[in-house]
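Asker: Have a look at the structure that comes next, please.
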Amino acid sequence: MKKMQQVLDVRQLTMDFGGLRALDSIDLTVSQGEIAALIGPNGAGKTTFFNCITGVYEPTGGTMSAHPPGKAPVVLNRLKPNVITEHGLARTFQNIRLFQNMTVLENVMVARHCRTRSGIFGAVLRDAGTRREEQEMVDFSYRLLEDVGLEKHVNDLARELPYGAQRRLEIARALATEPFLLLLDEPAAGMNPRETRELDALITRIRDEKGVSILLIEHDMKLVMSISQSIFVMDYGRLIAQGSPREVAENPNVIKAYLGETFDA
Ligand SMILES: Nc1ncnc2c1ncn2[C@@H]1O[C@H](COP(=O)(O)OP(=O)(O)O)[C@@H](O)[C@H]1O
Ligand SMILES: [Mg+2]
């Protein structure tokens, strides 16, 4: 089988917080069009990994490069978060970060701004080009909200949405930046079983219909095992296993790290 092109290539990533090594020489790659998962017990370093590749933290060591399909590769080290977003990596947060007092539609439109041309001068002058761009932005944002099943809530305030819907709004906001790689930090956290099943379908549909590659941090093993092609397991900042869902579930290191938890996949 031909090796898929890699969209994310992280080598020997290390992150120290004072005396604590939160990431210890992590190698991780994501192939184009794949759903990959990063799992591990609380405090393993999963969110820190996302924070390094999205420019929130400057890692202590290692290289991180992105390969946007059809474009030149980009070294992510030392780039600012907004620049990394412009290069096509988008993320959601473990703790929901929405503009709670803006409408659902406004939340997506704000995120969309990184892909529009008429900046502050356009907004002041309100020329024809700016107005056209604004209308396109509304249409684009509305379609994204349809994609995530929130079209009935476009004019609701973000804070009025049930929890599961807020998580889907976060995903719509991330998609508004037109990423080639979507990073989801515990998207099913706090969801009920029905919401989790819908999320499972949504993530798969994003990959299939938009061709977006996905790297997912998730605790819900059932969700991880059912939708991922490749799984990376971390414990105490180290990568302790990687492979297909089956390989990982059978790996003795993984079973030991998760002692007491069940993989009812
Ligand atoms: N900004 C920070 N300063 C100091 N320690 C941190 C910081 N962020 C994370 N850590 C520590 O790094 C380790 C990994 O945390 P985290 O990446 O949030 O784990 P996970 O997402 O896997 O639960 C934890 O011990 C955490 O306390
Ligand atoms: Mg975390």
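Naming works like this for the structure tokens: A, B, ... for the chains as they're shown, residue 1 at the start of each chain, ligands 1 onward in shown order.
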Show me, as a list in words, the residues that have an atom within 9 Å of Met102 in chain A when counting only C-alpha atoms, minus same-chain residues fewer than 6 positions from it.

Answerer: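 Residues near the query, excluding close chain neighbours: Asn155, Asp156, Leu157, Ala158 and Arg159 of chain A.
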
Asker: Could the residues that lie within 7 Å of ligand 2, counting only C-alpha atoms and all ligand atoms, be listed as a count of residues only?

Answerer: 7

Asker: Taking only C-alpha atoms and all ligand atoms into account, which residues are within 8 Å of ligand 1, as a VMD selection string?

Answerer: chain A and resid 17 to 18 20 to 23 39 to 49 234 to 237

Asker: Export, as a tab-separated table (two decimals), in the first residue's frame, the selected residues with N, CA, C and O atoms.

Answerer:
```
chain	number	residue	atom	x	y	z
A	17	PHE	N	8.17	22.27	31.98
A	17	PHE	CA	7.64	23.37	32.80
A	17	PHE	C	8.47	23.36	34.07
A	17	PHE	O	8.21	22.56	34.96
A	18	GLY	N	9.48	24.21	34.15
A	18	GLY	CA	10.38	24.15	35.29
A	18	GLY	C	10.98	22.75	35.36
A	18	GLY	O	11.57	22.28	34.39
A	20	LEU	N	9.31	19.98	35.56
A	20	LEU	CA	8.39	18.93	35.07
A	20	LEU	C	8.51	18.75	33.56
A	20	LEU	O	8.34	19.71	32.79
A	21	ARG	N	8.85	17.53	33.14
A	21	ARG	CA	8.89	17.25	31.70
A	21	ARG	C	7.51	16.78	31.25
A	21	ARG	O	7.14	15.62	31.42
A	22	ALA	N	6.73	17.71	30.71
A	22	ALA	CA	5.34	17.40	30.33
A	22	ALA	C	5.29	16.63	29.02
A	22	ALA	O	4.37	15.84	28.78
A	23	LEU	N	6.29	16.85	28.14
A	23	LEU	CA	6.40	16.08	26.90
A	23	LEU	C	7.85	15.62	26.79
A	23	LEU	O	8.78	16.42	26.93
A	39	ILE	N	-4.49	9.69	23.10
A	39	ILE	CA	-5.17	9.33	24.34
A	39	ILE	C	-4.15	9.15	25.46
A	39	ILE	O	-2.94	9.13	25.22
A	40	GLY	N	-4.66	9.01	26.66
A	40	GLY	CA	-3.79	8.83	27.81
A	40	GLY	C	-4.46	9.39	29.05
A	40	GLY	O	-5.32	10.25	28.94
A	41	PRO	N	-4.01	8.95	30.22
A	41	PRO	CA	-4.62	9.39	31.47
A	41	PRO	C	-4.49	10.90	31.65
A	41	PRO	O	-3.68	11.56	31.00
A	42	ASN	N	-5.29	11.46	32.56
A	42	ASN	CA	-5.21	12.88	32.90
A	42	ASN	C	-3.80	13.27	33.28
A	42	ASN	O	-3.12	12.54	34.00
A	43	GLY	N	-3.34	14.40	32.76
A	43	GLY	CA	-2.00	14.87	33.09
A	43	GLY	C	-0.91	14.24	32.25
A	43	GLY	O	0.28	14.49	32.46
A	44	ALA	N	-1.29	13.43	31.25
A	44	ALA	CA	-0.30	12.73	30.41
A	44	ALA	C	0.48	13.69	29.52
A	44	ALA	O	1.60	13.39	29.10
A	45	GLY	N	-0.11	14.85	29.20
A	45	GLY	CA	0.57	15.82	28.34
A	45	GLY	C	-0.14	16.08	27.01
A	45	GLY	O	0.40	16.76	26.13
A	46	LYS	N	-1.35	15.58	26.87
A	46	LYS	CA	-2.08	15.68	25.60
A	46	LYS	C	-2.36	17.13	25.21
A	46	LYS	O	-2.08	17.56	24.09
A	47	THR	N	-2.92	17.89	26.15
A	47	THR	CA	-3.24	19.28	25.84
A	47	THR	C	-1.96	20.09	25.61
A	47	THR	O	-1.91	20.97	24.74
A	48	THR	N	-0.93	19.76	26.36
A	48	THR	CA	0.36	20.43	26.16
A	48	THR	C	0.87	20.20	24.74
A	48	THR	O	1.43	21.10	24.11
A	49	PHE	N	0.66	18.99	24.23
A	49	PHE	CA	1.05	18.69	22.85
A	49	PHE	C	0.32	19.64	21.89
A	49	PHE	O	0.94	20.27	21.02
A	234	MET	N	-0.25	8.27	25.31
A	234	MET	CA	0.75	8.93	26.15
A	234	MET	C	0.50	8.61	27.61
A	234	MET	O	-0.62	8.38	28.04
A	235	ASP	N	1.58	8.61	28.38
A	235	ASP	CA	1.50	8.48	29.83
A	235	ASP	C	2.71	9.22	30.40
A	235	ASP	O	3.84	8.99	29.94
A	236	TYR	N	2.48	10.10	31.37
A	236	TYR	CA	3.58	10.87	31.97
A	236	TYR	C	4.51	11.49	30.93
A	236	TYR	O	5.73	11.37	31.03
A	237	GLY	N	3.94	12.11	29.90
A	237	GLY	CA	4.74	12.84	28.92
A	237	GLY	C	5.43	11.98	27.88
A	237	GLY	O	6.08	12.50	26.98
```

Asker: List every residue of range 196-236 of chain A that has an atom at most 10 Å from any atom of range 81-93 of chain A, giving for each one its closest atom pair and the distance in Å to one decimal, counting only C-alpha atoms, sorted by chain and then by ascending residue number, as a tab-separated table.

Answerer:
```
residue	atom	partner	partner_atom	distance
A:Val212	CA	A:Gly88	CA	9.9
A:Ser213	CA	A:Leu89	CA	9.8
A:Ile214	CA	A:Arg91	CA	9.8
A:Leu215	CA	A:Arg91	CA	9.3
A:Leu216	CA	A:Arg91	CA	9.7
```

Asker: Output N, CA, C and O atoms of each residue in that selection to a file, as an mmCIF file, in the first residue's frame.

Answerer:
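Below is the file that was written, part.cif:
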```cif
data_model
loop_
_atom_site.group_PDB
_atom_site.id
_atom_site.type_symbol
_atom_site.label_atom_id
_atom_site.label_comp_id
_atom_site.auth_asym_id
_atom_site.auth_seq_id
_atom_site.Cartn_x
_atom_site.Cartn_y
_atom_site.Cartn_z
ATOM 1 N N VAL A 212 -10.788 17.095 5.592
ATOM 2 C CA VAL A 212 -9.957 17.615 6.677
ATOM 3 C C VAL A 212 -9.386 16.436 7.474
ATOM 4 O O VAL A 212 -10.102 15.523 7.831
ATOM 5 N N SER A 213 -8.088 16.473 7.723
ATOM 6 C CA SER A 213 -7.486 15.460 8.586
ATOM 7 C C SER A 213 -7.754 15.860 10.036
ATOM 8 O O SER A 213 -7.867 17.046 10.339
ATOM 9 N N ILE A 214 -7.861 14.871 10.902
ATOM 10 C CA ILE A 214 -8.271 15.176 12.280
ATOM 11 C C ILE A 214 -7.355 14.506 13.294
ATOM 12 O O ILE A 214 -6.990 13.335 13.146
ATOM 13 N N LEU A 215 -6.949 15.284 14.288
ATOM 14 C CA LEU A 215 -6.252 14.720 15.445
ATOM 15 C C LEU A 215 -7.094 15.053 16.667
ATOM 16 O O LEU A 215 -7.418 16.208 16.936
ATOM 17 N N LEU A 216 -7.466 13.993 17.391
ATOM 18 C CA LEU A 216 -8.496 14.074 18.408
ATOM 19 C C LEU A 216 -7.926 13.641 19.748
ATOM 20 O O LEU A 216 -7.310 12.577 19.839
#
```

Asker: Write out as a list in words the residues lying within 7 Å of range 161-178 of chain A, counting only C-alpha atoms and excluding same-chain residues fewer than 2 positions away.

Answerer: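 The neighbour list is Gly88, Ala90, Arg91, Thr92, Ile96, Leu98, Asn107, Val108, Ala111, Arg112, Cys114, Arg115, Ser141, Leu144, Leu145, Val148, Ala158, Arg159, Phe180, Pro187, Met191 and Glu195 of chain A.
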
Asker: Using only C-alpha atoms, which of A:Ile26, A:Cys52, A:Met137, A:Leu8 sits nearest Arg238 in chain A?

Answerer: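 Going through A:Ile26, A:Cys52, A:Met137, A:Leu8 one by one, the smallest distance to Arg238 in chain A is for A:Ile26.
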
Asker: Mind checking which residues fall within 6 Å of Thr14 in chain A, counting only C-alpha atoms, ignoring those fewer than 2 positions away in the same chain, and posting them as a short mmCIF file (atom, residue, chain, number, x, y, z; two decimals) with all heavy atoms, in the first residue's frame?

Answerer:
```cif
data_model
loop_
_atom_site.label_atom_id
_atom_site.label_comp_id
_atom_site.auth_asym_id
_atom_site.auth_seq_id
_atom_site.Cartn_x
_atom_site.Cartn_y
_atom_site.Cartn_z
N LEU A 23 6.29 16.85 28.14
CA LEU A 23 6.40 16.08 26.90
C LEU A 23 7.85 15.62 26.79
O LEU A 23 8.78 16.42 26.93
CB LEU A 23 6.06 16.93 25.67
CG LEU A 23 4.65 17.48 25.56
CD1 LEU A 23 4.54 18.41 24.36
CD2 LEU A 23 3.63 16.35 25.43
N ASP A 24 8.03 14.34 26.52
CA ASP A 24 9.38 13.78 26.47
C ASP A 24 9.62 13.09 25.13
O ASP A 24 9.19 11.97 24.90
CB ASP A 24 9.53 12.78 27.64
CG ASP A 24 10.98 12.34 27.82
OD1 ASP A 24 11.84 12.74 27.01
OD2 ASP A 24 11.24 11.58 28.77
N SER A 25 10.24 13.82 24.20
CA SER A 25 10.64 13.26 22.90
C SER A 25 9.50 12.56 22.16
O SER A 25 9.63 11.40 21.77
CB SER A 25 11.80 12.27 23.09
OG SER A 25 12.79 12.83 23.90
N THR A 60 10.49 23.08 24.43
CA THR A 60 11.89 23.09 24.86
C THR A 60 12.78 22.47 23.78
O THR A 60 13.93 22.86 23.61
CB THR A 60 12.01 22.27 26.16
OG1 THR A 60 11.01 22.71 27.07
CG2 THR A 60 13.38 22.42 26.80
N GLY A 61 12.23 21.52 23.04
CA GLY A 61 13.01 20.88 22.00
C GLY A 61 12.12 20.16 21.00
O GLY A 61 10.93 19.96 21.25
#
```

Asker: Measuring between only C-alpha atoms, which one of A:Leu182, A:Val224, A:Ala249, A:Val254 shows the shortest distance to Ala37 in chain A?

Answerer: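 Under the stated criterion, the closest residue is A:Val224.
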
Asker: Could you tell me, as a ChimeraX atom specification, which residues of range 108-174 of chain A DSSP assigns to helix (DSSP H, G or I) when given the backbone?

Answerer: /A:108-115,120-125,128-147,151-153,158-160,163-174

Asker: A:Thr29, A:Asn51, A:Asn95, A:Ser244: which is nearest Met225 in chain A, counting only C-alpha atoms?

Answerer: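 Nearest candidate to Met225 in chain A out of A:Thr29, A:Asn51, A:Asn95, A:Ser244: A:Ser244.
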
Asker: Return the single residue from A:Lys152, A:Ala72, A:Thr116, A:Ala66 that is closest to Gln135 in chain A, with distances computed using only C-alpha atoms.

Answerer: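 Counting only C-alpha atoms, the residue closest to Gln135 in chain A is A:Thr116.
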
Asker: What parts of range 108-217 of chain A does DSSP call strand (DSSP E)? I'd like the answer as a list of chain:residue names.

Answerer: A:Leu181, A:Leu182, A:Leu183, A:Leu184, A:Asp185, A:Ser213, A:Ile214, A:Leu215, A:Leu216, A:Ile217

Asker: If you count only C-alpha atoms, which residues fall within 12 Å of Asp9 in chain A, apart from same-chain ones fewer than 6 positions away, as a short mmCIF file (atom, residue, chain, number, x, y, z; two decimals) with N, CA, C and O atoms, in the first residue's frame?

Answerer:
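New file part.cif:
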```cif
data_model
loop_
_atom_site.label_atom_id
_atom_site.label_comp_id
_atom_site.auth_asym_id
_atom_site.auth_seq_id
_atom_site.Cartn_x
_atom_site.Cartn_y
_atom_site.Cartn_z
N ILE A 26 8.44 13.30 21.95
CA ILE A 26 7.26 12.71 21.29
C ILE A 26 7.41 12.77 19.76
O ILE A 26 7.65 13.82 19.18
N ASP A 27 7.26 11.61 19.11
CA ASP A 27 7.18 11.52 17.65
C ASP A 27 5.72 11.23 17.30
O ASP A 27 5.17 10.24 17.80
N LEU A 28 5.16 12.05 16.45
CA LEU A 28 3.75 11.81 16.08
C LEU A 28 3.50 12.35 14.68
O LEU A 28 3.91 13.46 14.35
N THR A 29 2.85 11.55 13.86
CA THR A 29 2.50 12.02 12.51
C THR A 29 1.01 11.78 12.25
O THR A 29 0.43 10.83 12.78
N VAL A 30 0.45 12.66 11.44
CA VAL A 30 -0.94 12.47 11.00
C VAL A 30 -0.92 12.44 9.48
O VAL A 30 -0.31 13.30 8.84
N SER A 31 -1.54 11.42 8.90
CA SER A 31 -1.60 11.31 7.44
C SER A 31 -2.81 12.04 6.90
O SER A 31 -3.81 12.21 7.60
N GLN A 32 -2.70 12.42 5.64
CA GLN A 32 -3.81 13.15 5.01
C GLN A 32 -5.08 12.31 4.99
O GLN A 32 -5.05 11.13 4.64
N ILE A 53 1.94 22.58 19.30
CA ILE A 53 1.83 22.66 17.84
C ILE A 53 0.98 23.83 17.38
O ILE A 53 1.06 24.25 16.23
N GLY A 62 12.72 19.82 19.86
CA GLY A 62 11.98 19.07 18.85
C GLY A 62 11.56 19.93 17.68
O GLY A 62 11.68 21.16 17.71
N THR A 63 11.08 19.27 16.63
CA THR A 63 10.62 19.99 15.44
C THR A 63 9.18 19.62 15.14
O THR A 63 8.75 18.49 15.35
N MET A 64 8.47 20.61 14.64
CA MET A 64 7.06 20.41 14.29
C MET A 64 6.88 20.97 12.90
O MET A 64 7.15 22.15 12.67
N SER A 65 6.46 20.14 11.96
CA SER A 65 6.19 20.70 10.64
C SER A 65 4.85 20.24 10.11
O SER A 65 4.38 19.14 10.40
N ALA A 66 4.24 21.15 9.35
CA ALA A 66 2.95 20.88 8.74
C ALA A 66 3.14 20.81 7.24
O ALA A 66 4.01 21.48 6.69
N HIS A 67 2.34 19.96 6.59
CA HIS A 67 2.40 19.83 5.14
C HIS A 67 1.01 20.04 4.57
O HIS A 67 0.30 19.07 4.28
N PRO A 68 0.61 21.30 4.40
CA PRO A 68 -0.72 21.56 3.84
C PRO A 68 -0.78 20.97 2.43
O PRO A 68 0.13 21.24 1.64
N PRO A 73 5.68 22.93 2.61
CA PRO A 73 5.70 22.59 4.03
C PRO A 73 6.01 23.82 4.90
O PRO A 73 6.67 24.75 4.43
N VAL A 74 5.53 23.79 6.12
CA VAL A 74 5.72 24.92 7.05
C VAL A 74 6.32 24.39 8.35
O VAL A 74 5.78 23.47 8.95
N VAL A 75 7.43 24.99 8.78
CA VAL A 75 7.96 24.67 10.10
C VAL A 75 7.17 25.48 11.12
O VAL A 75 7.06 26.71 10.99
N LEU A 76 6.58 24.81 12.10
CA LEU A 76 5.68 25.49 13.05
C LEU A 76 6.41 26.10 14.24
O LEU A 76 5.87 26.99 14.90
N ASN A 77 7.63 25.64 14.50
CA ASN A 77 8.40 26.17 15.63
C ASN A 77 8.48 27.69 15.53
O ASN A 77 8.78 28.24 14.47
N LEU A 181 -6.07 20.61 8.81
CA LEU A 181 -5.93 19.75 9.99
C LEU A 181 -6.73 20.35 11.14
O LEU A 181 -6.55 21.52 11.50
#
```
